[in-house]
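Asker: Quick one, target37.txt (compact mmCIF, C-alpha atoms):
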```
# COMPACT_ATOMS: atom_id res chain seq x y z
CA MET A 1 -7.20 -29.95 -18.07
CA ASN A 2 -4.21 -31.73 -16.54
CA LEU A 3 -4.75 -30.83 -12.88
CA PHE A 4 -1.28 -31.82 -11.67
CA ALA A 5 0.39 -29.92 -14.52
CA SER A 6 -1.61 -26.81 -13.71
CA MET A 7 -0.80 -27.16 -10.00
CA ARG A 8 2.91 -27.36 -10.85
CA VAL A 9 2.64 -24.25 -12.99
CA PHE A 10 0.79 -22.38 -10.24
CA VAL A 11 3.45 -23.28 -7.65
CA LYS A 12 6.17 -22.16 -10.05
CA ILE A 13 4.37 -18.81 -10.63
CA VAL A 14 4.30 -18.18 -6.88
CA ASP A 15 7.88 -19.32 -6.36
CA LYS A 16 9.25 -17.21 -9.22
CA GLY A 17 7.09 -14.15 -8.55
CA SER A 18 5.60 -13.70 -12.01
CA LEU A 19 4.10 -15.53 -14.96
CA THR A 20 7.00 -14.46 -17.17
CA ALA A 21 9.64 -15.84 -14.80
CA ALA A 22 7.67 -19.06 -14.35
CA ALA A 23 7.37 -19.46 -18.12
CA LYS A 24 11.14 -19.07 -18.52
CA SER A 25 11.84 -21.58 -15.76
CA LEU A 26 9.39 -24.13 -17.21
CA ASN A 27 10.44 -23.47 -20.82
CA LEU A 28 6.84 -22.59 -21.70
CA SER A 29 5.33 -19.55 -23.34
CA SER A 30 3.82 -16.88 -21.09
CA ALA A 31 0.48 -17.51 -22.79
CA MET A 32 0.60 -21.22 -21.92
CA VAL A 33 1.44 -20.43 -18.27
CA GLY A 34 -1.49 -17.99 -18.20
CA ASN A 35 -3.79 -20.65 -19.66
CA HIS A 36 -2.81 -23.10 -16.89
CA LEU A 37 -3.56 -20.51 -14.23
CA GLN A 38 -6.88 -19.56 -15.81
CA ALA A 39 -7.91 -23.20 -16.15
CA LEU A 40 -7.05 -23.85 -12.50
CA GLU A 41 -9.05 -20.84 -11.29
CA GLU A 42 -12.03 -21.87 -13.44
CA HIS A 43 -11.79 -25.42 -12.11
CA LEU A 44 -11.79 -24.18 -8.51
CA GLY A 45 -14.27 -21.37 -9.09
CA VAL A 46 -12.12 -18.89 -7.13
CA MET A 47 -9.34 -16.43 -7.90
CA LEU A 48 -5.85 -17.49 -6.82
CA LEU A 49 -3.85 -14.38 -7.71
CA TYR A 50 -4.56 -10.65 -7.86
CA ARG A 51 -2.66 -9.54 -10.97
CA THR A 52 -1.74 -6.11 -12.30
CA THR A 53 0.74 -5.15 -14.97
CA ARG A 54 3.45 -4.68 -12.35
CA ARG A 55 2.79 -7.14 -9.55
CA GLN A 56 0.91 -10.18 -8.36
CA ASN A 57 -0.40 -11.08 -4.91
CA LEU A 58 -1.92 -14.28 -3.63
CA THR A 59 -5.51 -14.18 -2.48
CA ASP A 60 -6.24 -15.64 0.95
CA PHE A 61 -7.48 -18.83 -0.66
CA GLY A 62 -4.58 -18.74 -3.11
CA LEU A 63 -2.08 -18.81 -0.22
CA GLN A 64 -3.80 -21.79 1.37
CA TYR A 65 -4.06 -23.57 -1.95
CA TYR A 66 -0.39 -22.92 -2.72
CA HIS A 67 0.74 -24.71 0.47
CA ARG A 68 -1.61 -27.59 -0.26
CA CYS A 69 -0.28 -27.86 -3.81
CA VAL A 70 3.31 -27.97 -2.53
CA ASP A 71 2.41 -30.77 -0.13
CA ILE A 72 0.48 -32.73 -2.75
CA LEU A 73 3.21 -32.43 -5.38
CA GLU A 74 5.84 -33.53 -2.88
CA ARG A 75 3.74 -36.57 -2.01
CA VAL A 76 3.25 -37.43 -5.67
CA SER A 77 6.97 -37.04 -6.30
CA GLY A 78 7.75 -39.25 -3.31
CA ALA A 79 5.34 -41.92 -4.52
CA GLU A 80 6.92 -41.91 -7.98
CA ARG A 81 10.53 -41.83 -6.83
CA PRO A 82 10.95 -45.54 -5.92
CA ALA A 83 9.65 -46.57 -9.34
CA LEU A 84 11.82 -44.01 -11.13
CA GLU A 85 14.92 -45.06 -9.18
CA LYS A 86 14.26 -48.80 -9.38
CA ASN A 87 16.22 -49.23 -12.59
CA LYS A 88 18.47 -46.22 -12.08
CA GLN A 89 22.01 -46.73 -10.84
CA PRO A 90 22.61 -44.64 -7.68
CA ALA A 91 24.99 -41.80 -8.42
CA GLY A 92 26.31 -38.52 -7.06
CA THR A 93 28.53 -37.34 -4.24
CA LEU A 94 28.01 -38.76 -0.76
CA ARG A 95 29.41 -36.78 2.18
CA VAL A 96 30.46 -39.09 5.03
CA THR A 97 32.29 -38.37 8.28
CA ALA A 98 33.85 -40.89 10.66
CA PRO A 99 36.42 -41.03 13.49
CA ILE A 100 39.99 -41.13 12.22
CA SER A 101 40.98 -44.61 13.40
CA PHE A 102 37.70 -46.26 12.46
CA GLY A 103 37.60 -44.52 9.10
CA SER A 104 41.13 -45.34 8.03
CA GLU A 105 41.41 -48.85 9.50
CA THR A 106 37.87 -50.19 9.09
CA LEU A 107 35.72 -48.10 6.77
CA VAL A 108 38.15 -47.52 3.89
CA PRO A 109 38.93 -51.26 3.46
CA LEU A 110 35.18 -51.87 2.99
CA LEU A 111 34.83 -49.46 0.08
CA ASN A 112 36.20 -51.67 -2.68
CA PRO A 113 33.20 -54.04 -2.73
CA PHE A 114 30.88 -51.03 -2.35
CA TYR A 115 32.32 -49.43 -5.48
CA ARG A 116 31.92 -52.68 -7.41
CA ASP A 117 28.16 -52.42 -6.83
CA TYR A 118 27.87 -48.62 -7.05
CA PRO A 119 30.60 -47.28 -9.37
CA ASP A 120 28.82 -43.97 -9.99
CA ILE A 121 28.85 -42.83 -6.36
CA VAL A 122 31.64 -40.48 -5.25
CA ILE A 123 32.34 -40.64 -1.51
CA ASP A 124 33.66 -37.46 0.09
CA LEU A 125 35.05 -38.97 3.30
CA VAL A 126 36.08 -36.58 6.08
CA LEU A 127 37.88 -38.18 9.03
CA GLY A 128 38.10 -36.38 12.33
CA ASP A 129 37.62 -36.99 16.03
CA ARG A 130 35.40 -33.92 16.42
CA VAL A 131 31.65 -34.49 16.11
CA PHE A 132 30.44 -32.76 12.95
CA ASP A 133 26.88 -31.47 12.69
CA LEU A 134 25.24 -33.18 9.73
CA VAL A 135 23.12 -30.16 8.81
CA GLU A 136 25.51 -27.28 9.48
CA ASP A 137 28.55 -29.12 8.08
CA ASP A 138 26.61 -30.57 5.13
CA PHE A 139 27.11 -34.30 5.69
CA ASP A 140 24.79 -37.09 4.56
CA ILE A 141 26.03 -39.77 6.96
CA ALA A 142 28.17 -40.02 10.09
CA ILE A 143 29.72 -42.97 11.88
CA ARG A 144 29.69 -42.30 15.61
CA ILE A 145 31.29 -44.10 18.53
CA GLY A 146 29.59 -43.84 21.93
CA ASP A 147 26.26 -42.48 23.08
CA ILE A 148 24.16 -40.57 20.54
CA PRO A 149 22.30 -37.55 21.97
CA ASP A 150 18.63 -37.19 21.08
CA SER A 151 18.86 -34.79 18.14
CA GLY A 152 16.03 -35.91 15.89
CA MET A 153 18.42 -37.91 13.71
CA ILE A 154 18.24 -41.65 13.11
CA ALA A 155 21.01 -43.75 14.68
CA ARG A 156 21.28 -47.42 13.74
CA LYS A 157 23.62 -49.49 15.88
CA LEU A 158 26.29 -51.39 13.99
CA GLY A 159 27.67 -53.25 16.99
CA LEU A 160 30.04 -52.74 19.89
CA TYR A 161 33.35 -50.93 19.60
CA LYS A 162 35.36 -53.23 21.87
CA MET A 163 38.81 -52.51 23.26
CA SER A 164 41.88 -54.73 23.64
CA VAL A 165 45.21 -54.39 25.39
CA CYS A 166 48.23 -55.56 23.45
CA ALA A 167 51.98 -55.33 23.02
CA SER A 168 54.55 -56.49 20.50
CA PRO A 169 56.50 -59.77 20.92
CA ASP A 170 59.71 -57.70 21.21
CA TYR A 171 58.33 -55.68 24.12
CA ILE A 172 57.15 -58.81 25.94
CA GLU A 173 60.48 -60.54 25.38
CA GLN A 174 62.37 -57.57 26.80
CA TYR A 175 60.09 -56.53 29.66
CA GLY A 176 57.96 -59.58 30.38
CA CYS A 177 54.26 -60.26 29.95
CA PRO A 178 51.81 -58.89 32.54
CA ILE A 179 49.46 -61.62 33.70
CA THR A 180 46.91 -59.46 35.53
CA PRO A 181 45.82 -55.87 34.83
CA GLU A 182 47.31 -54.74 38.18
CA GLN A 183 50.79 -55.55 36.82
CA LEU A 184 50.36 -52.80 34.21
CA ALA A 185 51.46 -50.37 36.91
CA ASN A 186 54.99 -51.73 36.39
CA HIS A 187 54.96 -51.40 32.60
CA ASN A 188 55.31 -48.64 30.04
CA CYS A 189 51.75 -47.94 28.82
CA ILE A 190 51.40 -45.73 25.79
CA GLN A 191 48.27 -43.63 26.15
CA PHE A 192 45.86 -41.85 23.88
CA LYS A 193 46.42 -38.24 24.91
CA SER A 194 42.83 -37.14 25.46
CA LEU A 195 41.78 -40.20 27.48
CA GLU A 196 42.06 -40.79 31.21
CA THR A 197 45.07 -42.60 32.65
CA VAL A 198 42.96 -45.27 34.38
CA TRP A 199 42.32 -48.45 32.40
CA LYS A 200 39.21 -50.38 33.41
CA PHE A 201 38.60 -54.13 33.31
CA ASP A 202 35.85 -56.50 34.35
CA ASP A 203 36.89 -59.75 36.03
CA GLN A 204 33.73 -61.89 36.10
CA GLY A 205 31.66 -59.03 37.44
CA LYS A 206 34.40 -57.53 39.59
CA ARG A 207 35.57 -54.14 38.40
CA VAL A 208 39.31 -53.61 38.21
CA GLU A 209 40.79 -50.14 37.70
CA VAL A 210 44.50 -49.65 37.09
CA GLY A 211 46.35 -46.35 36.97
CA VAL A 212 48.78 -46.52 34.04
CA SER A 213 51.69 -44.34 33.02
CA GLY A 214 54.34 -44.24 30.34
CA ASN A 215 56.86 -42.12 28.53
CA LEU A 216 54.71 -41.45 25.46
CA LYS A 217 51.27 -39.93 24.86
CA VAL A 218 49.80 -39.74 21.36
CA ASN A 219 46.65 -38.05 19.98
CA ASN A 220 46.30 -40.41 17.02
CA GLY A 221 45.27 -44.07 16.99
CA GLN A 222 47.46 -45.11 14.05
CA ALA A 223 50.52 -43.57 15.69
CA LEU A 224 49.65 -45.37 18.91
CA LYS A 225 49.51 -48.69 17.07
CA LYS A 226 52.78 -47.96 15.28
CA ALA A 227 54.47 -47.24 18.60
CA ALA A 228 53.32 -50.60 19.95
CA LEU A 229 54.56 -52.37 16.82
CA GLU A 230 57.96 -50.76 17.38
CA GLY A 231 58.06 -52.26 20.88
CA LEU A 232 57.73 -48.95 22.73
CA GLY A 233 55.06 -50.12 25.16
CA ILE A 234 51.60 -51.53 25.83
CA ILE A 235 48.49 -49.98 24.30
CA MET A 236 44.70 -50.17 24.69
CA GLN A 237 43.03 -49.81 21.30
CA PRO A 238 39.78 -50.81 19.55
CA GLN A 239 39.77 -54.41 18.37
CA LEU A 240 38.79 -53.36 14.86
CA VAL A 241 41.89 -51.17 14.62
CA ILE A 242 44.41 -53.83 15.72
CA LYS A 243 42.70 -57.01 14.45
CA ASP A 244 45.07 -57.60 11.52
CA GLU A 245 48.16 -57.10 13.68
CA ILE A 246 46.86 -59.55 16.32
CA ASP A 247 45.87 -62.12 13.68
CA SER A 248 49.35 -61.91 12.13
CA GLY A 249 51.14 -62.15 15.49
CA ARG A 250 52.75 -58.72 15.20
CA LEU A 251 50.85 -57.74 18.34
CA ILE A 252 49.89 -60.03 21.21
CA GLU A 253 46.54 -59.54 22.93
CA LEU A 254 46.72 -59.47 26.73
CA PHE A 255 44.13 -60.22 29.43
CA THR A 256 41.82 -62.20 27.14
CA ASP A 257 39.97 -63.57 30.20
CA TYR A 258 38.88 -60.05 31.17
CA GLN A 259 36.11 -57.90 29.74
CA LEU A 260 37.29 -54.52 28.52
CA PRO A 261 35.27 -51.32 27.90
CA ALA A 262 32.98 -51.25 24.88
CA ARG A 263 30.90 -48.48 23.32
CA ASP A 264 28.11 -48.48 20.76
CA MET A 265 29.09 -48.01 17.14
CA SER A 266 26.34 -46.36 15.07
CA ILE A 267 25.58 -45.01 11.63
CA VAL A 268 23.73 -41.70 11.88
CA TYR A 269 21.68 -39.89 9.25
CA LEU A 270 18.85 -37.38 8.94
CA ARG A 271 15.20 -38.35 8.81
CA ASP A 272 14.08 -38.17 5.20
CA ARG A 273 11.06 -39.97 3.79
CA TYR A 274 12.40 -39.16 0.30
CA MET A 275 15.93 -40.42 0.97
CA PRO A 276 18.15 -40.39 -2.17
CA ALA A 277 19.22 -43.80 -3.43
CA LYS A 278 22.92 -43.03 -2.91
CA ILE A 279 22.34 -42.56 0.83
CA ARG A 280 20.02 -45.53 1.22
CA CYS A 281 22.36 -47.98 -0.53
CA PHE A 282 25.37 -46.85 1.55
CA ILE A 283 23.42 -47.28 4.79
CA ASP A 284 22.26 -50.74 3.73
CA PHE A 285 25.79 -51.71 2.70
CA ILE A 286 27.44 -50.61 5.95
CA THR A 287 24.80 -52.15 8.20
CA GLY A 288 25.14 -55.37 6.21
CA CYS A 289 28.91 -55.41 6.80
CA PHE A 290 28.37 -55.41 10.57
CA SER A 291 25.28 -57.60 10.75
CA ASN A 292 27.17 -60.77 11.66
```
Once more with this new file: its structure as structure tokens, please.

Answerer:
Amino acid sequence: MNLFASMRVFVKIVDKGSLTAAAKSLNLSSAMVGNHLQALEEHLGVMLLYRTTRRQNLTDFGLQYYHRCVDILERVSGAERPALEKNKQPAGTLRVTAPISFGSETLVPLLNPFYRDYPDIVIDLVLGDRVFDLVEDDFDIAIRIGDIPDSGMIARKLGLYKMSVCASPDYIEQYGCPITPEQLANHNCIQFKSLETVWKFDDQGKRVEVGVSGNLKVNNGQALKKAALEGLGIIMQPQLVIKDEIDSGRLIELFTDYQLPARDMSIVYLRDRYMPAKIRCFIDFITGCFSN
């Protein structure tokens, strides 16, 4: 007898509730399914199922053996999966969530080289500043900024999400360039709506806190950056979000001698010893992008 084949048939009989339903699911005849069950019981020397014409019930040993079979078959499947997937191109839909600014300004520009390597993966990217629950909201991967609570998930740090203060050349020409953070009190500072109105700096170990104010508050990072580009005021934004504008000279970085707040940037996913290839390759790709 093929022990593993008979174990699979037995598990299917229990899962489906009858030999007939198991036969239909496995595309086997009812007689063949019955033969597998009989061979398994003869091999073990015990009865696994009490069967009548109308119903079936697991024996006490049958229940224990069922759970052991499920565990064994999962282990066998897990052992085979790397070999089966080795030459198989990862494919399928990948559900990813990320903060709006990071997702649009940093993550999306990285996807072109990812798709060159994995053209059969479809990424369903949901951007939002609320923290989605990976299980309840059915996500495979999340990019998180800040502390990660202990939730049983795996969080791999990508680096630091550093902040910068900047303004446009037009704003500086019209209103002057602040030399120290304290001078921000005399400037129009455009603020992210949900954040506090105190900007914090570190001057060689000395903490500097400045209360800022301005005539515009925005709840979106891209709009905040656009306002600065239009010369409306000074902003504090993540370096990754404003890097291109600073490199091109469209925004000027201020207070480069000071340390500004930074938070951890992490990729978060569920523990899974049988992780699908589409998830594993995306994790490896993203961590590789931030490894330098």

Asker: Give me, as a list in words, all polymer residues having an atom no more than 10 Å from Cys69 (chain A), counting all atoms listed in the file and skipping those fewer than 6 positions away in the same chain.

Answerer: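 Once the adjacent positions are removed, what remains is Phe4, Met7, Arg8, Phe10, Val11, Leu63 and Arg75 of chain A.
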
Asker: For Val122 (chain A), which of A:Ile279, A:Cys289, A:Met236, A:Val14 is the closest residue, counting all atoms listed in the file?

Answerer: A:Ile279

Asker: In Å, with one decimal, what is the gap from CA of Phe192 (chain A) to CA of Tyr171 (chain A)?

Answerer: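 We find that CA of Phe192 (chain A) and CA of Tyr171 (chain A) lie 18.6 Å from each other.
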
Asker: In Å to one decimal, how far is CA of Glu209 (chain A) from CA of Ser168 (chain A)?

Answerer: 22.9 Å

Asker: Could you check how far CA of Met153 (chain A) sits from CA of Ser266 (chain A), in Å to one decimal?

Answerer: 11.7 Å

Asker: As a PDB file with C-alpha atoms, in the coordinates of the input, please: the residues near Leu110 (chain A) (cut-off 10 Å, only C-alpha atoms, same-chain neighbours under 4 positions excluded).

Answerer:
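Result file follows (around_2.pdb):
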```
ATOM      1  CA  GLY A 103      37.600 -44.520   9.100  1.00  0.00           C
ATOM      2  CA  GLU A 105      41.410 -48.850   9.500  1.00  0.00           C
ATOM      3  CA  THR A 106      37.870 -50.190   9.090  1.00  0.00           C
ATOM      4  CA  PHE A 114      30.880 -51.030  -2.350  1.00  0.00           C
ATOM      5  CA  TYR A 115      32.320 -49.430  -5.480  1.00  0.00           C
ATOM      6  CA  PHE A 285      25.790 -51.710   2.700  1.00  0.00           C
ATOM      7  CA  ILE A 286      27.440 -50.610   5.950  1.00  0.00           C
ATOM      8  CA  CYS A 289      28.910 -55.410   6.800  1.00  0.00           C
TER       9      CYS A 289
END
```

Asker: Which neighbours of Asp257 (chain A) fall inside 12 Å, counting all atoms listed in the file, when residues of the same chain fewer than 6 positions from it are skipped, and could you give them as a list in words?

Answerer: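 Those residues are Ser164, Val165, Ile179, Thr180, Pro181, Phe201, Asp202, Asp203, Gln204 and Gly205 of chain A.
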
Asker: Grab the residues selected above and save them as a short mmCIF file (atom, residue, chain, number, x, y, z; two decimals), keeping the file's coordinate frame with C-alpha atoms.

Answerer:
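Okay, this is what ended up in out-v8.cif:
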```cif
data_model
loop_
_atom_site.label_atom_id
_atom_site.label_comp_id
_atom_site.auth_asym_id
_atom_site.auth_seq_id
_atom_site.Cartn_x
_atom_site.Cartn_y
_atom_site.Cartn_z
CA SER A 164 41.88 -54.73 23.64
CA VAL A 165 45.21 -54.39 25.39
CA ILE A 179 49.46 -61.62 33.70
CA THR A 180 46.91 -59.46 35.53
CA PRO A 181 45.82 -55.87 34.83
CA PHE A 201 38.60 -54.13 33.31
CA ASP A 202 35.85 -56.50 34.35
CA ASP A 203 36.89 -59.75 36.03
CA GLN A 204 33.73 -61.89 36.10
CA GLY A 205 31.66 -59.03 37.44
#
```

Asker: Can you work out which one of A:Asn220, A:Asn186, A:Ser101, A:Gln174 has the shortest atom-to-atom distance to Gln239 (chain A), counting all atoms listed in the file?

Answerer: A:Ser101

Asker: Once 5 Å is added on each side, what are the centre and the three edge lengths, in Å to one decimal, of the axis-aligned box enclosing the listed atoms of region 224-243 of chain A? Present them as JSON.

Answerer:
```
{"center_x": 48.4, "center_y": -51.2, "center_z": 20.1, "size_x": 29.3, "size_y": 21.6, "size_z": 21.4}
```

Asker: With the cut-off set at 10 Å and counting all atoms listed in the file, tabulate each residue of region 183-264 of chain A with an atom at most that distance from an atom of region 134-145 of chain A, showing the nearest atom pair and its distance in Å to one decimal, ordered by chain and increasing number, as CSV.

Answerer:
```
residue,atom,partner,partner_atom,distance
A:Ala262,CA,A:Ile145,CA,9.7
A:Arg263,CA,A:Ile145,CA,6.5
A:Asp264,CA,A:Ile145,CA,5.9
```

Asker: Neighbours of Val108 (chain A) within 12 Å (only C-alpha atoms; same-chain residues fewer than 6 positions away dropped), as a short mmCIF file (atom, residue, chain, number, x, y, z; two decimals) with C-alpha atoms, in the frame of the given file?

Answerer:
```cif
data_model
loop_
_atom_site.label_atom_id
_atom_site.label_comp_id
_atom_site.auth_asym_id
_atom_site.auth_seq_id
_atom_site.Cartn_x
_atom_site.Cartn_y
_atom_site.Cartn_z
CA VAL A 96 30.46 -39.09 5.03
CA THR A 97 32.29 -38.37 8.28
CA ALA A 98 33.85 -40.89 10.66
CA PRO A 99 36.42 -41.03 13.49
CA ILE A 100 39.99 -41.13 12.22
CA SER A 101 40.98 -44.61 13.40
CA PHE A 102 37.70 -46.26 12.46
CA PHE A 114 30.88 -51.03 -2.35
CA TYR A 115 32.32 -49.43 -5.48
CA ILE A 123 32.34 -40.64 -1.51
CA ASP A 124 33.66 -37.46 0.09
CA LEU A 125 35.05 -38.97 3.30
CA VAL A 126 36.08 -36.58 6.08
CA LEU A 127 37.88 -38.18 9.03
CA VAL A 241 41.89 -51.17 14.62
CA ILE A 286 27.44 -50.61 5.95
#
```

Asker: Compare A:Ile267, A:Pro178, A:Gln56, A:Gln222 by their minimum atom-to-atom distance to Asp284 (chain A), counting all atoms listed in the file, and give me the closest one.

Answerer: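 Of the candidates, the smallest distance to Asp284 (chain A) is held by A:Ile267.
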
Asker: Pick the closest to Lys162 (chain A) from A:Gln259, A:Thr287, A:Ser25, A:Asn188: which is it, counting all atoms listed in the file?

Answerer: A:Gln259

Asker: Kindly add N, CA and C atoms to the incomplete region 101-118 of chain A and provide the output as an mmCIF file, in the frame of the given file.

Answerer:
```cif
data_model
loop_
_atom_site.group_PDB
_atom_site.id
_atom_site.type_symbol
_atom_site.label_atom_id
_atom_site.label_comp_id
_atom_site.auth_asym_id
_atom_site.auth_seq_id
_atom_site.Cartn_x
_atom_site.Cartn_y
_atom_site.Cartn_z
ATOM 1 N N SER A 101 40.517 -43.222 13.365
ATOM 2 C CA SER A 101 40.980 -44.610 13.400
ATOM 3 C C SER A 101 39.985 -45.550 12.741
ATOM 4 N N PHE A 102 38.708 -45.400 13.064
ATOM 5 C CA PHE A 102 37.700 -46.260 12.460
ATOM 6 C C PHE A 102 37.659 -46.057 10.945
ATOM 7 N N GLY A 103 37.696 -44.803 10.532
ATOM 8 C CA GLY A 103 37.600 -44.520 9.100
ATOM 9 C C GLY A 103 38.741 -45.092 8.300
ATOM 10 N N SER A 104 39.962 -44.904 8.785
ATOM 11 C CA SER A 104 41.130 -45.340 8.030
ATOM 12 C C SER A 104 41.358 -46.847 8.125
ATOM 13 N N GLU A 105 41.089 -47.438 9.292
ATOM 14 C CA GLU A 105 41.410 -48.850 9.500
ATOM 15 C C GLU A 105 40.256 -49.787 9.161
ATOM 16 N N THR A 106 39.027 -49.311 9.267
ATOM 17 C CA THR A 106 37.870 -50.190 9.090
ATOM 18 C C THR A 106 36.995 -49.800 7.910
ATOM 19 N N LEU A 107 36.654 -48.522 7.808
ATOM 20 C CA LEU A 107 35.720 -48.100 6.770
ATOM 21 C C LEU A 107 36.347 -48.138 5.378
ATOM 22 N N VAL A 108 37.525 -47.569 5.217
ATOM 23 C CA VAL A 108 38.150 -47.520 3.890
ATOM 24 C C VAL A 108 38.345 -48.912 3.291
ATOM 25 N N PRO A 109 38.790 -49.917 4.050
ATOM 26 C CA PRO A 109 38.930 -51.260 3.460
ATOM 27 C C PRO A 109 37.609 -51.869 2.970
ATOM 28 N N LEU A 110 36.473 -51.342 3.434
ATOM 29 C CA LEU A 110 35.180 -51.870 2.990
ATOM 30 C C LEU A 110 34.715 -51.276 1.663
ATOM 31 N N LEU A 111 35.363 -50.215 1.214
ATOM 32 C CA LEU A 111 34.830 -49.460 0.080
ATOM 33 C C LEU A 111 35.010 -50.153 -1.261
ATOM 34 N N ASN A 112 35.990 -51.017 -1.385
ATOM 35 C CA ASN A 112 36.200 -51.670 -2.680
ATOM 36 C C ASN A 112 34.984 -52.469 -3.126
ATOM 37 N N PRO A 113 34.420 -53.346 -2.300
ATOM 38 C CA PRO A 113 33.200 -54.040 -2.730
ATOM 39 C C PRO A 113 32.008 -53.106 -2.913
ATOM 40 N N PHE A 114 31.968 -52.014 -2.160
ATOM 41 C CA PHE A 114 30.880 -51.030 -2.350
ATOM 42 C C PHE A 114 30.964 -50.425 -3.743
ATOM 43 N N TYR A 115 32.167 -50.056 -4.164
ATOM 44 C CA TYR A 115 32.320 -49.430 -5.480
ATOM 45 C C TYR A 115 32.048 -50.416 -6.618
ATOM 46 N N ARG A 116 32.254 -51.696 -6.376
ATOM 47 C CA ARG A 116 31.920 -52.680 -7.410
ATOM 48 C C ARG A 116 30.421 -52.664 -7.710
ATOM 49 N N ASP A 117 29.622 -52.452 -6.655
ATOM 50 C CA ASP A 117 28.160 -52.420 -6.830
ATOM 51 C C ASP A 117 27.651 -51.042 -7.243
ATOM 52 N N TYR A 118 28.359 -49.985 -6.800
ATOM 53 C CA TYR A 118 27.870 -48.620 -7.050
ATOM 54 C C TYR A 118 29.012 -47.739 -7.588
#
```
